[in-house]
Each structure stands twice: as structure tokens, then as C-alpha cells.
>>> print(open('input_10.tsv').read())   # TSV, C-alpha atoms
chain	number	residue	atom	x	y	z
Q	1	MET	CA	217.57	39.92	70.33
Q	2	ALA	CA	221.12	40.38	69.07
Q	3	PRO	CA	222.00	43.06	66.50
Q	4	LEU	CA	221.34	41.96	62.91
Q	5	THR	CA	222.32	43.96	59.83
Q	6	ARG	CA	219.44	43.63	57.34
Q	7	GLY	CA	220.00	46.41	54.75
Q	8	ARG	CA	216.44	47.79	54.48
Q	9	ALA	CA	216.96	51.50	55.11
Q	10	SER	CA	215.88	54.11	52.57
Q	11	PRO	CA	218.31	56.33	50.60
Q	12	GLY	CA	220.28	58.55	52.93
Q	13	HIS	CA	220.47	55.63	55.39
Q	14	ILE	CA	217.07	56.68	56.75
Q	15	PRO	CA	214.92	54.15	58.66
Q	16	ASN	CA	211.47	53.48	57.20
Q	17	ASP	CA	208.09	51.87	57.76
Q	18	VAL	CA	209.07	48.33	56.80
Q	19	MET	CA	211.78	48.52	59.48
Q	20	ARG	CA	209.14	49.71	61.95
Q	21	LEU	CA	207.04	46.61	61.28
Q	22	TYR	CA	210.07	44.32	61.53
Q	23	TYR	CA	211.03	45.55	64.99
Q	24	GLU	CA	207.44	45.75	66.17
Q	25	GLN	CA	206.95	42.07	65.27
Q	26	ARG	CA	209.88	41.18	67.54
Q	27	ALA	CA	209.06	43.49	70.45
Q	28	ASN	CA	208.40	40.53	72.74
Q	29	ALA	CA	212.15	39.90	73.00
Q	30	GLY	CA	213.35	40.72	76.49
Q	31	LEU	CA	215.49	43.44	74.93
Q	32	ILE	CA	216.15	44.30	71.28
Q	33	ILE	CA	219.64	45.44	70.33
Q	34	SER	CA	219.14	47.26	67.03
Q	35	GLU	CA	221.00	46.48	63.86
Q	36	ALA	CA	224.40	48.15	63.67
Q	37	THR	CA	223.79	51.83	62.94
Q	38	GLY	CA	226.36	54.18	61.44
Q	39	ILE	CA	227.56	57.01	63.68
Q	40	SER	CA	228.96	59.04	60.75
Q	41	LYS	CA	229.28	59.07	56.99
Q	42	GLU	CA	232.94	58.17	57.44
Q	43	GLY	CA	232.05	55.10	59.48
Q	44	LEU	CA	229.24	53.51	57.45
Q	45	GLY	CA	230.06	51.31	54.48
Q	46	TRP	CA	227.07	49.03	54.02
Q	47	PRO	CA	224.33	49.66	51.42
Q	48	ALA	CA	220.95	50.53	52.93
Q	49	ALA	CA	222.17	50.21	56.50
Q	50	PRO	CA	220.66	52.89	58.77
Q	51	GLY	CA	222.50	55.83	60.26
Q	52	ILE	CA	222.05	58.12	63.26
Q	53	TRP	CA	224.17	61.19	62.38
Q	54	THR	CA	221.52	63.31	60.62
Q	55	GLU	CA	218.23	64.80	61.71
Q	56	ALA	CA	216.34	62.83	59.04
Q	57	GLN	CA	217.82	59.57	60.29
Q	58	THR	CA	216.95	60.44	63.89
Q	59	GLU	CA	213.38	61.28	62.91
Q	60	GLY	CA	213.16	58.03	60.95
Q	61	TRP	CA	213.95	56.00	64.06
Q	62	LYS	CA	211.21	57.60	66.19
Q	63	PRO	CA	208.25	55.57	64.81
Q	64	ILE	CA	210.30	52.41	65.35
Q	65	THR	CA	211.04	53.01	69.01
Q	66	GLU	CA	207.45	54.16	69.56
Q	67	ALA	CA	206.09	50.97	67.99
Q	68	VAL	CA	208.36	48.74	70.07
Q	69	HIS	CA	207.40	50.56	73.27
Q	70	LYS	CA	203.69	50.45	72.41
Q	71	ALA	CA	204.03	46.68	71.99
Q	72	GLY	CA	205.64	46.42	75.44
Q	73	GLY	CA	209.22	46.01	74.29
Q	74	ARG	CA	212.55	47.70	74.94
Q	75	ILE	CA	215.17	48.61	72.33
Q	76	ILE	CA	218.72	49.97	72.47
Q	77	MET	CA	220.75	51.19	69.50
Q	78	GLN	CA	224.05	49.63	68.46
Q	79	LEU	CA	226.53	52.38	67.49
Q	80	TRP	CA	228.79	51.36	64.57
Q	81	HIS	CA	231.97	52.62	62.92
Q	82	MET	CA	233.30	50.13	60.36
Q	83	GLY	CA	236.79	51.62	60.10
Q	84	ARG	CA	238.92	50.06	57.36
Q	85	LEU	CA	235.96	48.03	56.05
Q	86	VAL	CA	234.36	51.18	54.58
Q	87	HIS	CA	234.93	51.36	50.82
Q	88	SER	CA	235.84	54.75	49.39
Q	89	SER	CA	232.67	54.81	47.26
Q	90	PHE	CA	230.67	55.49	50.43
Q	91	ASN	CA	232.71	58.56	51.35
Q	92	ASN	CA	233.34	60.71	48.28
Q	93	GLY	CA	236.35	58.67	47.22
Q	94	GLN	CA	238.15	59.00	50.56
Q	95	PRO	CA	239.69	55.82	52.01
Q	96	GLY	CA	238.41	54.28	55.20
Q	97	VAL	CA	240.17	55.02	58.46
Q	98	SER	CA	241.69	52.65	60.98
Q	99	ALA	CA	244.25	52.30	63.73
Q	100	SER	CA	246.96	51.83	61.09
Q	101	ALA	CA	247.32	51.91	57.32
Q	102	THR	CA	246.09	48.36	56.74
Q	103	THR	CA	243.68	46.60	54.40
Q	104	GLY	CA	240.82	44.38	55.47
Q	105	PRO	CA	240.42	40.97	53.82
Q	106	GLY	CA	238.10	40.22	50.96
Q	107	HIS	CA	235.52	42.53	49.45
Q	108	ALA	CA	233.20	45.33	50.47
Q	109	HIS	CA	229.49	45.30	49.67
Q	110	THR	CA	228.78	48.50	47.73
Q	111	ALA	CA	225.88	50.00	45.83
Q	112	THR	CA	227.43	48.74	42.60
Q	113	GLY	CA	228.33	45.26	43.84
Q	114	ARG	CA	231.33	43.66	45.51
Q	115	GLN	CA	234.53	45.72	45.40
Q	116	PRO	CA	238.00	44.79	46.71
Q	117	LEU	CA	238.75	46.44	50.03
Q	118	GLU	CA	241.32	49.23	49.90
Q	119	GLN	CA	244.09	50.30	52.22
Q	120	ALA	CA	242.79	52.50	55.01
Q	121	ARG	CA	244.63	55.52	56.31
Q	122	ALA	CA	245.71	55.67	59.92
Q	123	LEU	CA	243.74	58.11	62.07
Q	124	ARG	CA	245.95	60.97	63.22
Q	125	LEU	CA	246.37	61.60	66.91
Q	126	ASP	CA	244.56	64.93	66.61
Q	127	GLU	CA	241.53	63.16	65.08
Q	128	MET	CA	240.79	60.99	68.12
Q	129	PRO	CA	238.66	63.65	69.88
Q	130	ARG	CA	236.62	64.04	66.69
Q	131	VAL	CA	235.94	60.29	66.50
Q	132	VAL	CA	234.85	60.28	70.15
Q	133	ALA	CA	232.63	63.31	69.43
Q	134	ASP	CA	230.98	61.40	66.56
Q	135	TYR	CA	230.02	58.66	69.00
Q	136	VAL	CA	228.70	61.25	71.46
Q	137	LYS	CA	226.57	62.94	68.81
Q	138	ALA	CA	225.19	59.57	67.71
Q	139	ALA	CA	224.39	58.70	71.34
Q	140	GLU	CA	222.58	62.02	71.76
Q	141	ASN	CA	220.58	61.39	68.59
Q	142	ALA	CA	219.69	57.88	69.77
Q	143	LYS	CA	218.30	59.40	72.95
Q	144	ALA	CA	216.31	61.94	70.93
Q	145	ALA	CA	214.96	59.08	68.79
Q	146	GLY	CA	213.46	57.38	71.85
Q	147	PHE	CA	215.83	54.46	72.43
Q	148	ASP	CA	216.21	52.94	75.90
Q	149	GLY	CA	220.00	52.94	75.75
Q	150	VAL	CA	222.90	52.21	73.41
Q	151	GLN	CA	225.44	49.52	72.68
Q	152	ILE	CA	228.94	50.37	71.44
Q	153	HIS	CA	230.05	47.97	68.70
Q	154	SER	CA	233.63	47.05	69.58
Q	155	ALA	CA	233.63	43.65	67.88
Q	156	ASN	CA	233.81	41.76	64.58
Q	157	GLY	CA	236.83	43.54	63.14
Q	158	TYR	CA	235.30	47.03	62.97
Q	159	LEU	CA	237.02	50.27	64.02
Q	160	LEU	CA	237.29	49.84	67.79
Q	161	ASP	CA	238.24	46.17	67.34
Q	162	GLN	CA	240.91	47.25	64.84
Q	163	PHE	CA	242.43	49.36	67.62
Q	164	LEU	CA	242.21	46.51	70.14
Q	165	ARG	CA	244.07	43.85	68.21
Q	166	ASP	CA	247.80	43.73	67.59
Q	167	ASN	CA	247.64	42.48	64.00
Q	168	SER	CA	245.70	45.57	62.90
Q	169	ASN	CA	247.14	48.19	65.29
Q	170	PHE	CA	250.80	49.05	64.68
Q	171	ARG	CA	250.74	52.50	66.25
Q	172	ASP	CA	253.60	53.78	68.41
Q	173	ASP	CA	251.65	56.55	70.16
Q	174	ASP	CA	249.19	56.56	73.08
Q	175	TYR	CA	246.74	54.39	71.09
Q	176	GLY	CA	249.10	51.56	70.17
Q	177	GLY	CA	251.69	49.17	71.49
Q	178	SER	CA	250.69	48.05	74.98
Q	179	ILE	CA	247.30	46.55	75.75
Q	180	ASP	CA	246.48	49.58	77.90
Q	181	ASN	CA	247.10	51.82	74.91
Q	182	ARG	CA	245.17	49.64	72.47
Q	183	ILE	CA	242.04	49.66	74.64
Q	184	ARG	CA	242.29	53.44	75.13
Q	185	LEU	CA	239.93	54.47	72.31
Q	186	MET	CA	237.28	51.93	73.35
Q	187	ARG	CA	237.52	53.21	76.90
Q	188	GLU	CA	237.34	56.88	75.88
Q	189	VAL	CA	234.32	56.25	73.65
Q	190	THR	CA	232.54	54.30	76.39
Q	191	GLU	CA	233.21	56.96	79.02
Q	192	ALA	CA	232.01	59.70	76.68
Q	193	VAL	CA	228.83	57.83	75.71
Q	194	ALA	CA	228.18	57.07	79.38
Q	195	GLY	CA	228.31	60.83	79.89
Q	196	VAL	CA	225.29	61.11	77.60
Q	197	TRP	CA	223.26	58.16	78.84
Q	198	GLY	CA	224.65	57.21	82.23
Q	199	ALA	CA	226.75	54.05	82.40
Q	200	ASP	CA	223.69	51.99	83.37
Q	201	ARG	CA	222.20	52.59	79.89
Q	202	VAL	CA	225.37	51.71	77.96
Q	203	SER	CA	226.42	48.27	76.72
Q	204	VAL	CA	229.51	47.14	74.80
Q	205	ARG	CA	229.89	44.22	72.41
Q	206	LEU	CA	233.20	42.36	72.08
Q	207	SER	CA	234.17	39.32	69.98
Q	208	PRO	CA	237.01	37.69	71.93
Q	209	ASN	CA	237.42	34.88	69.41
Q	210	GLY	CA	240.08	34.39	66.76
Q	211	ASP	CA	240.38	36.19	63.44
Q	212	SER	CA	237.38	38.49	62.98
Q	213	GLN	CA	237.23	40.00	59.47
Q	214	GLY	CA	241.01	40.07	59.45
Q	215	ALA	CA	241.49	41.42	62.99
Q	216	ASP	CA	243.28	39.05	65.37
Q	217	ASP	CA	245.50	39.18	68.42
Q	218	SER	CA	248.50	37.21	69.62
Q	219	ASN	CA	247.29	37.15	73.25
Q	220	PRO	CA	243.49	37.36	73.26
Q	221	GLU	CA	242.98	36.39	76.90
Q	222	ALA	CA	245.20	39.20	78.18
Q	223	LEU	CA	243.67	41.70	75.75
Q	224	PHE	CA	240.01	40.96	76.33
Q	225	THR	CA	240.23	40.53	80.10
Q	226	ALA	CA	241.90	43.95	80.25
Q	227	ALA	CA	239.15	45.41	78.06
Q	228	ALA	CA	236.45	43.81	80.21
Q	229	ALA	CA	238.10	45.05	83.41
Q	230	ALA	CA	238.15	48.60	82.02
Q	231	LEU	CA	234.45	48.35	81.17
Q	232	GLN	CA	233.72	46.99	84.64
Q	233	LYS	CA	235.40	50.06	86.12
Q	234	ILE	CA	233.19	52.34	84.01
Q	235	GLY	CA	230.18	50.39	85.27
Q	236	ILE	CA	228.40	49.63	82.00
Q	237	ALA	CA	224.95	48.04	82.06
Q	238	PHE	CA	226.08	44.82	80.42
Q	239	LEU	CA	228.82	43.33	78.26
Q	240	GLU	CA	227.81	41.17	75.30
Q	241	LEU	CA	230.32	38.64	73.95
Q	242	ARG	CA	230.03	37.08	70.52
Q	243	GLU	CA	231.62	33.62	70.57
Q	244	PRO	CA	230.67	31.69	67.42
Q	245	GLY	CA	229.94	28.01	67.34
Q	246	PRO	CA	230.60	25.48	64.55
Q	247	ASP	CA	228.55	27.42	61.98
Q	248	GLY	CA	229.54	30.89	63.11
Q	249	THR	CA	230.63	33.86	61.04
Q	250	PHE	CA	233.14	36.65	61.71
Q	251	GLY	CA	235.53	34.52	63.66
Q	252	ARG	CA	237.31	31.18	63.89
Q	253	THR	CA	235.65	28.46	65.91
Q	254	ASP	CA	238.77	26.45	66.75
Q	255	VAL	CA	240.10	28.85	69.40
Q	256	PRO	CA	239.37	28.70	73.13
Q	257	LYS	CA	236.45	30.78	74.36
Q	258	GLN	CA	237.49	33.71	76.54
Q	259	SER	CA	234.21	34.09	78.42
Q	260	PRO	CA	235.30	32.14	81.53
Q	261	ALA	CA	238.33	34.43	81.97
Q	262	ILE	CA	236.23	37.52	81.28
Q	263	ARG	CA	233.59	36.37	83.77
Q	264	ARG	CA	236.24	36.50	86.48
Q	265	VAL	CA	237.01	40.20	85.91
Q	266	PHE	CA	233.60	41.44	84.74
Q	267	THR	CA	230.99	41.07	87.47
Q	268	ASN	CA	228.24	43.25	85.97
Q	269	PRO	CA	225.70	41.45	83.75
Q	270	LEU	CA	227.36	39.33	81.06
Q	271	VAL	CA	225.44	38.33	77.93
Q	272	LEU	CA	226.66	35.55	75.64
Q	273	ASN	CA	225.72	35.25	71.98
Q	274	SER	CA	226.07	33.16	68.86
Q	275	ASP	CA	224.72	29.88	67.53
Q	276	LEU	CA	222.79	28.95	70.66
Q	277	THR	CA	219.89	26.54	70.89
Q	278	ALA	CA	217.09	27.06	73.40
Q	279	GLU	CA	218.63	24.39	75.63
Q	280	GLY	CA	222.16	25.72	75.20
Q	281	GLY	CA	221.10	29.22	76.18
Q	282	ALA	CA	219.24	27.99	79.24
Q	283	ASP	CA	222.25	25.90	80.29
Q	284	LEU	CA	224.61	28.89	80.03
Q	285	VAL	CA	222.40	31.00	82.28
Q	286	ALA	CA	221.88	28.13	84.74
Q	287	SER	CA	225.64	27.57	84.93
Q	288	GLY	CA	226.28	31.16	86.02
Q	289	LEU	CA	228.70	31.79	83.17
Q	290	ALA	CA	226.16	34.19	81.65
Q	291	ASP	CA	223.44	36.34	83.17
Q	292	ALA	CA	221.53	36.29	79.87
Q	293	VAL	CA	221.90	35.10	76.29
Q	294	SER	CA	221.09	36.81	73.00
Q	295	TYR	CA	219.77	35.22	69.81
Q	296	GLY	CA	220.43	36.69	66.37
Q	297	ARG	CA	219.65	34.71	63.23
Q	298	PRO	CA	216.78	32.73	64.84
Q	299	PHE	CA	214.89	36.04	65.23
Q	300	ILE	CA	215.05	36.58	61.44
Q	301	SER	CA	212.60	33.78	60.68
Q	302	ASN	CA	210.94	33.50	64.10
Q	303	PRO	CA	209.36	36.81	65.10
Q	304	ASP	CA	207.72	34.82	67.91
Q	305	LEU	CA	210.97	33.20	69.07
Q	306	VAL	CA	210.15	33.87	72.72
Q	307	GLU	CA	206.91	31.89	72.49
Q	308	ARG	CA	208.58	29.10	70.52
Q	309	ILE	CA	211.23	28.73	73.24
Q	310	ARG	CA	208.64	28.89	76.01
Q	311	ASP	CA	206.33	26.32	74.36
Q	312	GLY	CA	209.02	24.02	72.96
Q	313	LYS	CA	208.01	24.63	69.35
Q	314	PRO	CA	210.45	24.11	66.47
Q	315	TRP	CA	212.27	27.06	64.96
Q	316	ALA	CA	211.73	28.04	61.32
Q	317	GLU	CA	214.79	28.34	59.11
Q	318	SER	CA	215.59	31.64	57.39
Q	319	THR	CA	216.45	32.07	53.72
Q	320	MET	CA	219.99	33.43	53.42
Q	321	ALA	CA	219.31	34.84	49.95
Q	322	THR	CA	216.95	37.44	51.47
Q	323	TRP	CA	218.99	38.42	54.54
Q	324	TYR	CA	220.12	41.68	52.93
Q	325	THR	CA	217.78	42.21	49.97
Q	326	PRO	CA	215.43	45.21	49.77
Q	327	GLY	CA	211.75	45.02	50.64
Q	328	PRO	CA	209.58	42.87	52.93
Q	329	GLU	CA	210.40	39.45	51.44
Q	330	GLY	CA	212.41	37.47	53.97
Q	331	TYR	CA	212.05	40.36	56.39
Q	332	THR	CA	208.51	40.92	57.68
Q	333	ASP	CA	206.73	37.97	56.00
Q	334	TYR	CA	207.86	35.13	58.30
Q	335	PRO	CA	204.75	33.85	60.11
Q	336	ALA	CA	204.34	33.03	63.77
Q	337	ALA	CA	204.06	29.34	64.68
Q	338	SER	CA	200.38	29.76	65.52
>>> encode(input="input_10.tsv", output="C-alpha cells")
Amino acid sequence: MAPLTRGRASPGHIPNDVMRLYYEQRANAGLIISEATGISKEGLGWPAAPGIWTEAQTEGWKPITEAVHKAGGRIIMQLWHMGRLVHSSFNNGQPGVSASATTGPGHAHTATGRQPLEQARALRLDEMPRVVADYVKAAENAKAAGFDGVQIHSANGYLLDQFLRDNSNFRDDDYGGSIDNRIRLMREVTEAVAGVWGADRVSVRLSPNGDSQGADDSNPEALFTAAAAALQKIGIAFLELREPGPDGTFGRTDVPKQSPAIRRVFTNPLVLNSDLTAEGGADLVASGLADAVSYGRPFISNPDLVERIRDGKPWAESTMATWYTPGPEGYTDYPAAS
């Protein structure tokens, strides 16, 4: 099950009982990757998204992991820093941070409605260890909360992706310019988080497609194969790639997929995601291009997606209007096929 932001956390970005039921209903997935979870106040700019930087948030996750495990499932936490896509209203009026002083496209979702995104400030060189430490603390809290591992969100135009891509990273220090420099922060974060969990309990998500929430690159194949090769050297458990199809979000669909090139340099387990049918997923695994596939939106309205795939049953459609609304409607009230 791919990570899915659903916006159901309680005030203070604290997980709650309706989230417990939601994940418990889907525990039969081979592995659940949790919704993107903020590693710090600075890095979280989505109303009612959960966090993992406070004790209360950590305690709130414990009943969720316990419920998934009791139901026979496994769950890892996706660690999230949104970078320049964080509106200042989430952080005491302070602007978001990024690789460079740039502005993301469009609007931010805030507690008072949609607000235009603002120019972020560039992270200073002396702040990089602090950002890495925020990831480490979040990884430690995820372990204390009972997760089976973590995934580092380095995709979809968020902070680490903003460092990767040359249209959002204009730095002239050790974290900008060359591809080796632009992948440096992702590599440092991954190495540090692997120091908490062991590399075999750490995953990374990349989106090697075109424009992703305003982040793009002039040479994506060179960039993302270098990133994948660095992750291979660290020895992560698996790499998940989000490559959207015709109806995808967070990325253009008219650009070549980079997964074949990445497959050549990344020989650990590779997981492909986005807009897959049951047959399409099976074909990808059978072809050897992927070792596994992940499904996102189908799990919203099909808590029993595994059984539906196994038995050839049709998939229920979800209601977009309730993807991010509070409460159980459109969240825990989708029935099983039986």
C-alpha cells in the first residue's frame, strides 16, 4: 500500500482512533507505507496531517502499529519534509525553507483555506546538520512507535526533491551545482536514518518523472540514476519509484519513464507505483522491471484490495470530495466486496 495523505489527524498533528481503524482495515496489504508524516514543525504544511516530532504524536501512532501487527500486517512510516511548500501560517509566520529562495507553484492548503505559496528562504550551510538531525529524531520516534521501518520521502517536489532538481536548486556550495552535490542531502539523510534502523529497514521514494509540483530537471536520467546508485551503495531495503500514468498527479505523463535506466544501477528490490491495474502490476513484476508494485488510490475505497485482486473482483471507485475531509466518511466506511 503506497503512502496516501488523508488529513485525519487530531489537533497537534496527533494520530487518533479513526486512523487506527483505517490502517487496521488495510493490514492485509503485503506492506503498508504510512501516509507522509511530518518530521518537524518546520517541515509540515498540511492541515490535519500527522507528525512524528513530539512525544504525543509518537504515542498516538502506537495503537495504530499495534492494530496492524495484531491483524498480521506490516507498516513502515514515510518521513516527510515539505520544504518550500510549507505556508508560513503553519510555522509562526516564518517562510518555508528550500534549497534556494524559490516559490512553489499554485496554492497551499491551510487551516483557513487555500493561500498562495510564498517565497521560501534558502537553508544555510550550517543548518544542514540540523535538518539531518530532524530526520534522525523522527526515525527514532518511529521506532519507538512500533513501526517496522521507515521510508524517506524524496519525491513529488518536496524538500529533498527540491535539492535534487536543477530548476529548484541554484546553490553554489557543496549542496548545489553538480549532480553529486545535489544528491548530497538525500544521501546524508539516508545514511543517518540507516544508522538508526539499519539500511535493511530503510526505503526511499523518488519521482523520476517530469515537473513535480514545480520541481523539474534538465537531465532526469543522469540525476536519478546517480541518486539510485548512491542508494544502492548505502544498501537500502527497497527503492520506490512513482511514475504516473495518464491520470496521474504530481508529475507530467508525457516524459519517458526512468525506471529501466534505474533498474540497471539499482539491484536491490525496486518497487514501482502509480495508476496500475491488477494486470499491469502483475506484468511489471513478471517482466523483471520491478520486484513489487504498490497501489495507492485503489486502497482508499477497497480496504480488501488484496482479495479483490486475488479473486478477480471489480474495484470500487473512491469519492474525491472526501479524500481529505475530517471524520470517517470516505475514510473507514468503504465496504469489502463480500
>>> residues_around(input="input_10.tsv", residues="Leu31 in chain Q", least_positions_apart="3", cutoff="8 Å", atoms="only C-alpha atoms", output="list in words")
Met1, Ala27, Asn28, Gly73, Arg74, Ile75 and Ile76 of chain Q
>>> closest_residue(input="input_10.tsv", among="Q:Thr322, Q:Thr190, Q:Ser338, Q:Gln25", to="Ala139 in chain Q", atoms="only C-alpha atoms")
Q:Thr190
>>> residues_around(input="input_10.tsv", residues="range 37-42 of chain Q", least_positions_apart="6", cutoff="8 Å", atoms="all atoms listed in the file", output="list of chain:residue names")
Q:Ala49, Q:Pro50, Q:Gly51, Q:Ile52, Q:Trp53, Q:Met77, Q:Gln78, Q:Leu79, Q:Trp80, Q:His81, Q:Val86, Q:Phe90, Q:Asn91, Q:Gly96, Q:Val97, Q:Asp134, Q:Tyr135, Q:Lys137, Q:Ala138
>>> write_last_selection(input="input_10.tsv", atoms="C-alpha atoms", output="mmCIF file, keeping the file's coordinate frame")
data_model
loop_
_atom_site.group_PDB
_atom_site.id
_atom_site.type_symbol
_atom_site.label_atom_id
_atom_site.label_comp_id
_atom_site.auth_asym_id
_atom_site.auth_seq_id
_atom_site.Cartn_x
_atom_site.Cartn_y
_atom_site.Cartn_z
ATOM 1 C CA ALA Q 49 222.170 50.210 56.500
ATOM 2 C CA PRO Q 50 220.660 52.890 58.770
ATOM 3 C CA GLY Q 51 222.500 55.830 60.260
ATOM 4 C CA ILE Q 52 222.050 58.120 63.260
ATOM 5 C CA TRP Q 53 224.170 61.190 62.380
ATOM 6 C CA MET Q 77 220.750 51.190 69.500
ATOM 7 C CA GLN Q 78 224.050 49.630 68.460
ATOM 8 C CA LEU Q 79 226.530 52.380 67.490
ATOM 9 C CA TRP Q 80 228.790 51.360 64.570
ATOM 10 C CA HIS Q 81 231.970 52.620 62.920
ATOM 11 C CA VAL Q 86 234.360 51.180 54.580
ATOM 12 C CA PHE Q 90 230.670 55.490 50.430
ATOM 13 C CA ASN Q 91 232.710 58.560 51.350
ATOM 14 C CA GLY Q 96 238.410 54.280 55.200
ATOM 15 C CA VAL Q 97 240.170 55.020 58.460
ATOM 16 C CA ASP Q 134 230.980 61.400 66.560
ATOM 17 C CA TYR Q 135 230.020 58.660 69.000
ATOM 18 C CA LYS Q 137 226.570 62.940 68.810
ATOM 19 C CA ALA Q 138 225.190 59.570 67.710
#
>>> atom_distance(input="input_10.tsv", atom1="CA of Val204 in chain Q", atom2="CA of Glu59 in chain Q")
24.5 Å
>>> atom_distance(input="input_10.tsv", atom1="CA of Ser318 in chain Q", atom2="CA of Arg297 in chain Q")
7.7 Å
>>> atom_distance(input="input_10.tsv", atom1="CA of Arg84 in chain Q", atom2="CA of Gly176 in chain Q")
16.4 Å
